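See below for the structure under consideration.
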Amino acid sequence: MNSIDTLDSYMRLDFSLDEGIARRAAIGLIVLATDHTIEHEWRKLLAIDGVAFYESRVFNSADISPQTLAEMEGRIGTGVALIRPGERIDVVAFGCTSASMVIGEETVFERIREVRPGVPCTTPITAARVGFETLGVKRIALLTPYVREINESMAAYLGARGIDVVVMGSFEHGNDNEVARIDEASLRRAVSEVGKRDDVEAVFVSCTSLRLAAAVADIEAQIGKPVTSSNHAMAWHALRLAGVADSLPQFGRLFTM
């Protein structure tokens, strides 16, 4: 007997619309199926009023190799298509450092723009390169969890784009699910070790699964050099591409640029 047809107190109410939670920026994020970390870190790094990010996951193998990384190219567009269809997106970020290198940044952007024509794009390796340029850095230490073949390719890739990897360190662990569980103490020790040489101007920690963003400012204070990671750099670059220029020194030197 409580059917809406029998209610004599039902009211149709007026409402107004505001700009929603993405008033300042709507950022799309492609996340790998095996990634445990990037969303967790981005929730902290992008906790800015009026800024929102919307993620979509794409399948990948937990076994990281050049072959499995290359296979992701065909899945990028499908992931992008699931992010706020028909609604505004200001930036799209592809959340895999090593795949961006293997596939190629411009090819990643082409796959994104097939779905979102003209949208500004970034990847972790794109963001790191832009970040180091902004910081005036050309000589870095590279820390990764990857196997040697990927590490050597990444050093060569960065070198060809004007960033000299003068020292490299790696955990050499190929299982992406377990890489996400490498603890902060291990990362701090590793960053300090690879970053201590006098000819190192900054440290890049590559891999979206590694948990470093919350510790960046503290590590920088310890070693006296800029530090960034895949998630950290890409969050900064996505904000800047979206026109959000807030200085956030609690997240380290890059976030003041």
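Every chain in the structure tokens takes a letter, A first, then B, and so on in the order presented; its residues are numbered from 1, and the ligands are numbered from 1 following the presented order.
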| field | Every residue of stretch 53-175 of chain A that DSSP places in strand (DSSP E or B), as an NGL selection string | value | :A and (53-58 or 63 or 91-95 or 121-122 or 139-144 or 164-170 or 175)
| request: Mind checking which residues fall within 8 Å of stretch 68-81 of chain A, counting only C-alpha atoms, ignoring those fewer than 3 positions away in the same chain, and posting them as a PyMOL selection string? | output: chain A and resi 28+30+56-61+63-65+84-85+92+98-99+102-103+108+111-112+114-116
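Proximity to A:Ser186 was assessed for A:Leu212, A:Thr256, A:Met168, A:His237 counting only C-alpha atoms; the smallest distance is recorded for A:Leu212.
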| query | Smallest atom-to-atom distance to A:Ala33: which of A:Asn177, A:Gln67, A:Ser170, A:Ser100, using only C-alpha atoms? | reply |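 Smallest separation from A:Ala33 among the options: A:Asn177.
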| In Å, with one decimal, what is the gap from atom CA of A:Leu241 to atom CA of A:Ser153? | 27.2 Å
| field | Distance query A:Val227 at most 12 Å, only C-alpha atoms, self and fewer than 6 positions along chain excluded, as a PyMOL selection string | value | chain A and resi 128+131-132+135+137+140-143+187-188+191-192+194-195+200-206+212-221+233+251-255
| request: Please indicate the distance in Å from atom CA of A:Glu193 to atom CA of A:Ser229, rounded to one decimal place. | output: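 If I compute the distance from atom CA of A:Glu193 to atom CA of A:Ser229, I get 15.8 Å.
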| request: Any chance you could list, as a list in words, the residues in stretch 80-128 of chain A that come up alpha helix (DSSP H) when DSSP is run on the backbone? | output: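 Of stretch 80-128 of chain A, the ones in alpha helix (DSSP H) are Val80, Ala81, Thr97, Ser98, Ala99, Ser100, Met101, Val102, Ile103, Glu105, Glu106, Thr107, Val108, Phe109, Glu110, Arg111, Ile112, Arg113, Pro124, Ile125, Thr126, Ala127 and Ala128 of chain A.
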Preceding selection exported with C-alpha atoms as a CSV table (one decimal), in the first residue's frame:
```
chain,number,residue,atom,x,y,z
A,80,VAL,CA,40.6,5.2,-22.0
A,81,ALA,CA,37.1,4.7,-23.5
A,97,THR,CA,56.9,3.4,-16.8
A,98,SER,CA,58.5,0.4,-18.5
A,99,ALA,CA,55.6,-0.2,-21.0
A,100,SER,CA,55.8,3.5,-22.0
A,101,MET,CA,59.4,3.0,-22.9
A,102,VAL,CA,58.9,-0.3,-24.7
A,103,ILE,CA,55.8,0.8,-26.6
A,105,GLU,CA,55.6,7.5,-25.5
A,106,GLU,CA,54.3,8.9,-28.8
A,107,THR,CA,52.7,5.6,-29.6
A,108,VAL,CA,51.0,5.5,-26.2
A,109,PHE,CA,49.7,9.0,-26.8
A,110,GLU,CA,48.4,8.0,-30.3
A,111,ARG,CA,46.4,5.1,-28.7
A,112,ILE,CA,45.0,7.5,-26.1
A,113,ARG,CA,44.1,10.2,-28.7
A,124,PRO,CA,55.7,8.2,-15.9
A,125,ILE,CA,58.8,8.4,-18.1
A,126,THR,CA,57.4,11.4,-19.8
A,127,ALA,CA,56.8,13.1,-16.5
A,128,ALA,CA,60.2,12.2,-15.1
```
| Gap from atom CA of A:Pro120 to atom CA of A:Gly104 - Å, one decimal | 16.0 Å
| Looking at only C-alpha atoms, which of A:Gly20, A:Gly162, A:Gly50, A:Pro66 is the one that sits closest to A:Glu87? |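 Smallest distance to A:Glu87 is found for A:Gly20.
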| message | Let me make sure I understand: among A:Lys44, A:Arg148, A:His36, A:Arg24, which one has the smallest atom-to-atom distance to A:Ile89 if we use only C-alpha atoms? | response |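 For A:Ile89, the nearest of the given residues is A:Arg24.
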| field | Long-range neighbours of A:Tyr146 as a list of chain:residue names, 7 Å cut-off, only C-alpha atoms, 6 positions minimum in chain | value | A:Ser170, A:Phe171, A:Glu172, A:His173, A:Gly174
| said: Taking only C-alpha atoms into account, name the residue in A:Val119, A:Ala242, A:Cys96, A:Met11 that is nearest to A:Ser209. | reply: A:Cys96
| field | Selected residue of minimal separation from A:Thr34 among A:Ala155, A:Ala62, A:Ala235, A:Leu210, counting only C-alpha atoms | value | A:Ala62
| task | Show which residues sit within 7 Å of A:Leu29, as a list of chain:residue names. Count only C-alpha atoms, and ignore same-chain residues fewer than 3 positions away. | result | A:Phe53, A:Tyr54, A:Glu55, A:Ser56, A:Val92, A:Ala93, A:Phe94, A:Gly95
